[in-house]
Amino acid sequence: MFGYLQRAARSAATLAFVPTLGLGALVAAPVAAVSPLQFVPLAVMAPDDPAGTTGGGGFACTSPAPVHTSASFHCYTPADIYAAYGVDAVHAAGLTGQGQTIVIVDSFGSPTVQHDLDFFSDTFGLPRTTIDVEHPNGAPTFNPSAFLGTEVGWAEETSLDVQWAHAIAPDAHLVLVEANPWETEGVQGFPSMFAGEEFAIQHFPGAVMSQSFAVTEQSFTGASGPVQVGMFDQVYRDAVANNVTVFGSAGDSGTANVIDPLGSKLVPFPTVTWPSSDPLVTSAGGTWLQLGWRWAPTPTDPLAFTSGAGQVEAVWNESYLPAATGGGRSVLFSTPAFQSGISQSVLKGRRGLPDLSWNSAVNGGVLVFTSFPGVRVGWHIIGGTSAASPQLAALTSLAGQKAGKPVGYLNPLLYRLPTSDFTDIVPQTFNGVIVGDNAQAGTNIPGMPTTPGWDLTTGFGSPAAMNYVTDLAAAVEARP
């Protein structure tokens, strides 16, 4: 059973989430002659059970209709996430995103994104909303069989981002920027992803933006690296000027990152990903939320679990996939002023990430509905820091609603919030297995330790929703 799950998980991650976005060879890298700049979506889908699986004493996940079950992988509905993080109390206080705009930026998008969001909303009792879909550089086509399933992977990513941003801020205006990655201007051209972001920044000032994609920082090394970083960084400077809050997913492979989409060029030392590492971006890391169950691995069944009340939250590191939250020290950026309160014994003069975290587990992933070609129609369990970024962006938009003005550049405010606004993530032990760092299993690349207080795996930890929204809104109101 486990052998099947492991193969299926790796197949899904490989076939669905390995887009090469046609940006051309940009810079030299230390572990390869030339490395193209390739943005990948940071979502991981749980594999389906083999045919005939009965679930034994009960399934770990049973979705709403059309019913999908999983014997080993747990799943969460919006109500589960509301209860775990206290979002239900924020909604009860009338903070649902009214008057706020959330921008989602993805390549290709999904041909069924509106239909699938409507189905998701109807299923979970959320208000329907019309997505504002923008194509600033031409509408992309959808071909589920092209490029090893690249477009299917981005469609899954888009569905996750849109549905779960809506779940956290159900009355917010959703803008989906579907970038056309094949429309570029060559090696020195401005990639369509960032042309799309610039469009959104100029047309939706005061919005909160979620980016669930990344590239290893080492892709920028070489003589032209600083030029490329500076070009992209100007987009985020424009975001600051237009009061746009920007989130970025920290990554799904711990400190073990590659500089090509098929994973054959692993950087042989701890690395982080960009744009999450940019100090103008708020880096969204991953936790492992276990709500009503506990992981209880055995030598013969690494997915074994026990059921019970309560919840525990660990750093996201699922060794059986393998997958883990990104986090570490940037080589592109030195310690920014807002991190001056973090010990230099941790940062060592560099920008540290992530800044904060949210549930990103696959075993304990969120339910996402899809109906586009190329993947089974119905409910899927999806995790990855792609789940963290849109939900944190949506939660932050609720602070903007409470404050009555945009949150804008978040990081300087975030690092002044009290520790009571977060659940600190510390090492946890499950049936003798310690989960206490973000080293991806099987790579031999050292991970960063999870420690009490701010750390390089989960930042401040996960927000306690009401405290976070209330105190962030007060900080926004007090800002000159």
# chains A, B, ... in the order shown; residues from 1 in each chain; ligands from 1

$ residues_around --residues "Ala361 of chain A" --least-positions-apart "5" --cutoff "10 Å" --atoms "only C-alpha atoms" --output "MDAnalysis selection string"
chainID A and resid 43:46 73:75 252 286:290 314:318 323:325 366 381:385 387:388

$ residues_around --residues "Val90 of chain A" --least-positions-apart "2" --cutoff "9 Å" --atoms "only C-alpha atoms" --output "ChimeraX atom specification"
/A:86-88,92-96,398,465-466,469

$ write_last_selection --atoms "N, CA and C atoms" --output "short mmCIF file (atom, residue, chain, number, x, y, z; two decimals), in the first residue's frame"
data_model
loop_
_atom_site.label_atom_id
_atom_site.label_comp_id
_atom_site.auth_asym_id
_atom_site.auth_seq_id
_atom_site.Cartn_x
_atom_site.Cartn_y
_atom_site.Cartn_z
N GLY A 86 -9.26 29.86 14.29
CA GLY A 86 -10.10 30.92 14.84
C GLY A 86 -10.65 31.87 13.80
N VAL A 87 -10.68 31.45 12.55
CA VAL A 87 -11.22 32.31 11.49
C VAL A 87 -12.72 32.48 11.67
N ASP A 88 -13.38 31.49 12.26
CA ASP A 88 -14.83 31.58 12.45
C ASP A 88 -15.19 32.78 13.32
N ALA A 92 -17.47 35.97 12.35
CA ALA A 92 -18.61 36.33 13.20
C ALA A 92 -18.59 37.79 13.60
N ALA A 93 -17.39 38.39 13.60
CA ALA A 93 -17.26 39.82 13.91
C ALA A 93 -17.54 40.69 12.69
N GLY A 94 -17.97 40.09 11.59
CA GLY A 94 -18.33 40.84 10.40
C GLY A 94 -17.19 41.11 9.45
N LEU A 95 -16.04 40.47 9.68
CA LEU A 95 -14.87 40.67 8.83
C LEU A 95 -14.78 39.51 7.84
N THR A 96 -15.29 39.74 6.64
CA THR A 96 -15.36 38.69 5.62
C THR A 96 -14.71 39.11 4.31
N LEU A 398 -8.52 40.73 5.67
CA LEU A 398 -9.52 41.00 6.70
C LEU A 398 -9.04 42.09 7.67
N ALA A 465 -5.99 33.81 14.40
CA ALA A 465 -6.66 34.70 13.45
C ALA A 465 -7.19 35.99 14.06
N MET A 466 -7.96 35.91 15.14
CA MET A 466 -8.56 37.11 15.69
C MET A 466 -7.50 38.08 16.22
N VAL A 469 -5.55 39.60 13.14
CA VAL A 469 -6.33 40.58 12.39
C VAL A 469 -6.51 41.86 13.20
#

$ closest_residue --among "A:Arg128, A:Arg329, A:Arg237, A:Lys265" --to "Thr457 of chain A" --atoms "only C-alpha atoms"
A:Arg329

$ select_by_dssp --residues "segment 56-183 of chain A" --states "helix (DSSP H, G or I)" --output "count of residues only"
48

$ closest_residue --among "A:Thr129, A:Ser253, A:Ser340, A:Thr396" --to "Ala473 of chain A" --atoms "only C-alpha atoms"
A:Thr396

$ select_by_dssp --residues "segment 257-459 of chain A" --states "strand (DSSP E or B)" --output "PyMOL selection string"
chain A and resi 258+266+273-274+282-295+305-315+317-318+323-324+328-334+350-353+356-359+365-370+378-383+422-423+428-430+433-435+437+449+455+459

$ closest_residue --among "A:Gln401, A:Gln339, A:Asn180, A:Gln163" --to "Asn137 of chain A" --atoms "only C-alpha atoms"
A:Asn180

$ closest_atom_pairs --of "segment 386-417 of chain A" --to "segment 170-179 of chain A" --cutoff "12 Å" --atoms "only C-alpha atoms" --output "JSON lines"
{"residue": "A:Pro390", "atom": "CA", "partner": "A:Leu174", "partner_atom": "CA", "distance": 11.0}
{"residue": "A:Gln391", "atom": "CA", "partner": "A:Pro170", "partner_atom": "CA", "distance": 11.3}
{"residue": "A:Ala393", "atom": "CA", "partner": "A:Ala172", "partner_atom": "CA", "distance": 11.2}
{"residue": "A:Ala394", "atom": "CA", "partner": "A:Ala172", "partner_atom": "CA", "distance": 8.3}
{"residue": "A:Leu395", "atom": "CA", "partner": "A:Pro170", "partner_atom": "CA", "distance": 10.5}
{"residue": "A:Thr396", "atom": "CA", "partner": "A:Ala172", "partner_atom": "CA", "distance": 11.5}
{"residue": "A:Ser397", "atom": "CA", "partner": "A:Ala172", "partner_atom": "CA", "distance": 8.2}
{"residue": "A:Leu398", "atom": "CA", "partner": "A:Ala172", "partner_atom": "CA", "distance": 8.9}
{"residue": "A:Gly400", "atom": "CA", "partner": "A:Ala172", "partner_atom": "CA", "distance": 11.0}
{"residue": "A:Gln401", "atom": "CA", "partner": "A:Ala172", "partner_atom": "CA", "distance": 9.5}

$ write_last_selection --atoms "C-alpha atoms" --output "PDB file, in the first residue's frame"
ATOM      1  CA  PRO A 390      -3.525  32.490  -0.583  1.00  0.00           C
ATOM      2  CA  GLN A 391      -5.009  31.784   2.847  1.00  0.00           C
ATOM      3  CA  ALA A 393      -3.189  36.738   1.948  1.00  0.00           C
ATOM      4  CA  ALA A 394      -6.934  36.435   2.476  1.00  0.00           C
ATOM      5  CA  LEU A 395      -6.585  36.587   6.267  1.00  0.00           C
ATOM      6  CA  THR A 396      -4.472  39.726   5.928  1.00  0.00           C
ATOM      7  CA  SER A 397      -7.140  41.308   3.746  1.00  0.00           C
ATOM      8  CA  LEU A 398      -9.520  41.001   6.702  1.00  0.00           C
ATOM      9  CA  GLY A 400      -7.410  45.747   5.851  1.00  0.00           C
ATOM     10  CA  GLN A 401     -11.188  45.642   6.106  1.00  0.00           C
TER      11      GLN A 401
END

$ atom_distance --atom1 "atom CA of Val435 of chain A" --atom2 "atom CA of Trp295 of chain A"
10.8 Å

$ residues_around --residues "Asp355 of chain A" --least-positions-apart "2" --cutoff "10 Å" --atoms "only C-alpha atoms" --output "PyMOL selection string"
chain A and resi 247+250+276-277+279+281-285+327+339+352-353+357+411+414-415+454-462

$ write_last_selection --atoms "C-alpha atoms" --output "mmCIF file, in the first residue's frame"
data_model
loop_
_atom_site.group_PDB
_atom_site.id
_atom_site.type_symbol
_atom_site.label_atom_id
_atom_site.label_comp_id
_atom_site.auth_asym_id
_atom_site.auth_seq_id
_atom_site.Cartn_x
_atom_site.Cartn_y
_atom_site.Cartn_z
ATOM 1 C CA PHE A 247 2.860 37.091 -0.279
ATOM 2 C CA ALA A 250 8.409 29.501 0.699
ATOM 3 C CA SER A 276 9.672 34.464 -1.292
ATOM 4 C CA SER A 277 13.169 35.541 -0.244
ATOM 5 C CA PRO A 279 12.376 41.430 1.641
ATOM 6 C CA VAL A 281 7.568 39.924 -0.160
ATOM 7 C CA THR A 282 6.078 38.215 2.908
ATOM 8 C CA SER A 283 7.282 34.622 2.885
ATOM 9 C CA ALA A 284 4.619 31.996 3.636
ATOM 10 C CA GLY A 285 5.996 28.817 5.176
ATOM 11 C CA GLY A 327 13.058 28.093 4.783
ATOM 12 C CA GLN A 339 14.477 41.589 10.973
ATOM 13 C CA GLY A 352 15.753 34.850 6.828
ATOM 14 C CA LEU A 353 12.562 33.116 5.749
ATOM 15 C CA SER A 357 3.275 29.980 8.264
ATOM 16 C CA ASN A 411 6.790 43.036 6.793
ATOM 17 C CA LEU A 414 4.432 42.009 10.957
ATOM 18 C CA TYR A 415 7.677 42.048 12.919
ATOM 19 C CA TRP A 454 11.058 32.835 15.409
ATOM 20 C CA ASP A 455 12.958 30.285 13.329
ATOM 21 C CA LEU A 456 14.022 29.487 9.772
ATOM 22 C CA THR A 457 11.303 26.874 9.188
ATOM 23 C CA THR A 458 8.058 28.553 10.283
ATOM 24 C CA GLY A 459 9.011 32.165 11.079
ATOM 25 C CA PHE A 460 6.719 33.421 13.833
ATOM 26 C CA GLY A 461 4.465 30.380 13.417
ATOM 27 C CA SER A 462 0.818 30.339 12.357
#

$ atom_distance --atom1 "atom CA of Pro140 of chain A" --atom2 "atom CA of Ala214 of chain A"
20.1 Å

$ residues_around --residues "segment 232-236 of chain A" --least-positions-apart "2" --cutoff "8 Å" --atoms "only C-alpha atoms" --output "number ranges by chain"
A: 194, 197-198, 228-230, 238-240, 246, 278, 280-281

$ write_last_selection --atoms "N, CA and C atoms" --output "PDB file, in the first residue's frame"
ATOM      1  N   PHE A 194       5.571  38.464 -14.496  1.00  0.00           N
ATOM      2  CA  PHE A 194       5.783  39.738 -13.817  1.00  0.00           C
ATOM      3  C   PHE A 194       5.160  40.898 -14.565  1.00  0.00           C
ATOM      4  N   GLU A 197       1.896  40.741 -12.949  1.00  0.00           N
ATOM      5  CA  GLU A 197       1.900  41.333 -11.617  1.00  0.00           C
ATOM      6  C   GLU A 197       1.918  42.859 -11.692  1.00  0.00           C
ATOM      7  N   GLU A 198       2.722  43.398 -12.596  1.00  0.00           N
ATOM      8  CA  GLU A 198       2.770  44.854 -12.748  1.00  0.00           C
ATOM      9  C   GLU A 198       1.408  45.395 -13.164  1.00  0.00           C
ATOM     10  N   GLN A 228      18.964  40.787 -13.287  1.00  0.00           N
ATOM     11  CA  GLN A 228      17.659  40.122 -13.327  1.00  0.00           C
ATOM     12  C   GLN A 228      16.898  40.348 -12.023  1.00  0.00           C
ATOM     13  N   VAL A 229      17.573  40.170 -10.893  1.00  0.00           N
ATOM     14  CA  VAL A 229      16.913  40.360  -9.601  1.00  0.00           C
ATOM     15  C   VAL A 229      16.416  41.796  -9.467  1.00  0.00           C
ATOM     16  N   GLY A 230      17.241  42.747  -9.877  1.00  0.00           N
ATOM     17  CA  GLY A 230      16.840  44.148  -9.791  1.00  0.00           C
ATOM     18  C   GLY A 230      15.631  44.460 -10.656  1.00  0.00           C
ATOM     19  N   ASP A 238       7.152  48.769  -6.827  1.00  0.00           N
ATOM     20  CA  ASP A 238       5.906  49.366  -7.291  1.00  0.00           C
ATOM     21  C   ASP A 238       4.733  48.928  -6.414  1.00  0.00           C
ATOM     22  N   ALA A 239       4.790  47.675  -5.942  1.00  0.00           N
ATOM     23  CA  ALA A 239       3.735  47.203  -5.035  1.00  0.00           C
ATOM     24  C   ALA A 239       3.718  48.034  -3.754  1.00  0.00           C
ATOM     25  N   VAL A 240       4.887  48.289  -3.193  1.00  0.00           N
ATOM     26  CA  VAL A 240       4.964  49.115  -1.985  1.00  0.00           C
ATOM     27  C   VAL A 240       4.383  50.500  -2.257  1.00  0.00           C
ATOM     28  N   VAL A 246       2.198  41.787  -0.704  1.00  0.00           N
ATOM     29  CA  VAL A 246       2.605  40.670  -1.556  1.00  0.00           C
ATOM     30  C   VAL A 246       3.070  39.498  -0.703  1.00  0.00           C
ATOM     31  N   ASP A 278      12.602  37.689  -1.256  1.00  0.00           N
ATOM     32  CA  ASP A 278      12.711  39.138  -1.409  1.00  0.00           C
ATOM     33  C   ASP A 278      12.147  39.823  -0.161  1.00  0.00           C
ATOM     34  N   LEU A 280      10.745  42.519   0.186  1.00  0.00           N
ATOM     35  CA  LEU A 280       9.497  43.226  -0.095  1.00  0.00           C
ATOM     36  C   LEU A 280       8.310  42.270  -0.207  1.00  0.00           C
ATOM     37  N   VAL A 281       8.590  40.974  -0.097  1.00  0.00           N
ATOM     38  CA  VAL A 281       7.568  39.924  -0.160  1.00  0.00           C
ATOM     39  C   VAL A 281       7.470  39.276   1.216  1.00  0.00           C
TER      40      VAL A 281
END

$ closest_residue --among "A:Val362, A:Pro452, A:Ala403, A:Pro427" --to "Ala478 of chain A" --atoms "only C-alpha atoms"
A:Ala403

$ residues_around --residues "Thr53 of chain A" --least-positions-apart "6" --cutoff "10 Å" --atoms "only C-alpha atoms" --output "list in words"
Met1, Phe59, Thr69, Ser70 and Ala71 of chain A

$ write_last_selection --atoms "C-alpha atoms" --output "CSV table (one decimal), in the first residue's frame"
chain,number,residue,atom,x,y,z
A,1,MET,CA,0.0,0.0,0.0
A,59,PHE,CA,-11.4,6.4,6.0
A,69,THR,CA,-12.3,8.9,0.1
A,70,SER,CA,-8.8,8.3,1.2
A,71,ALA,CA,-7.7,5.6,3.6

$ closest_residue --among "A:Pro268, A:Pro111, A:Pro373, A:Pro191" --to "Gln218 of chain A" --atoms "only C-alpha atoms"
A:Pro268

$ closest_residue --among "A:Ser319, A:Thr370, A:Thr216, A:Ser210" --to "Pro270 of chain A" --atoms "only C-alpha atoms"
A:Thr216

$ atom_distance --atom1 "atom CA of Ser72 of chain A" --atom2 "atom CA of Ser212 of chain A"
26.0 Å
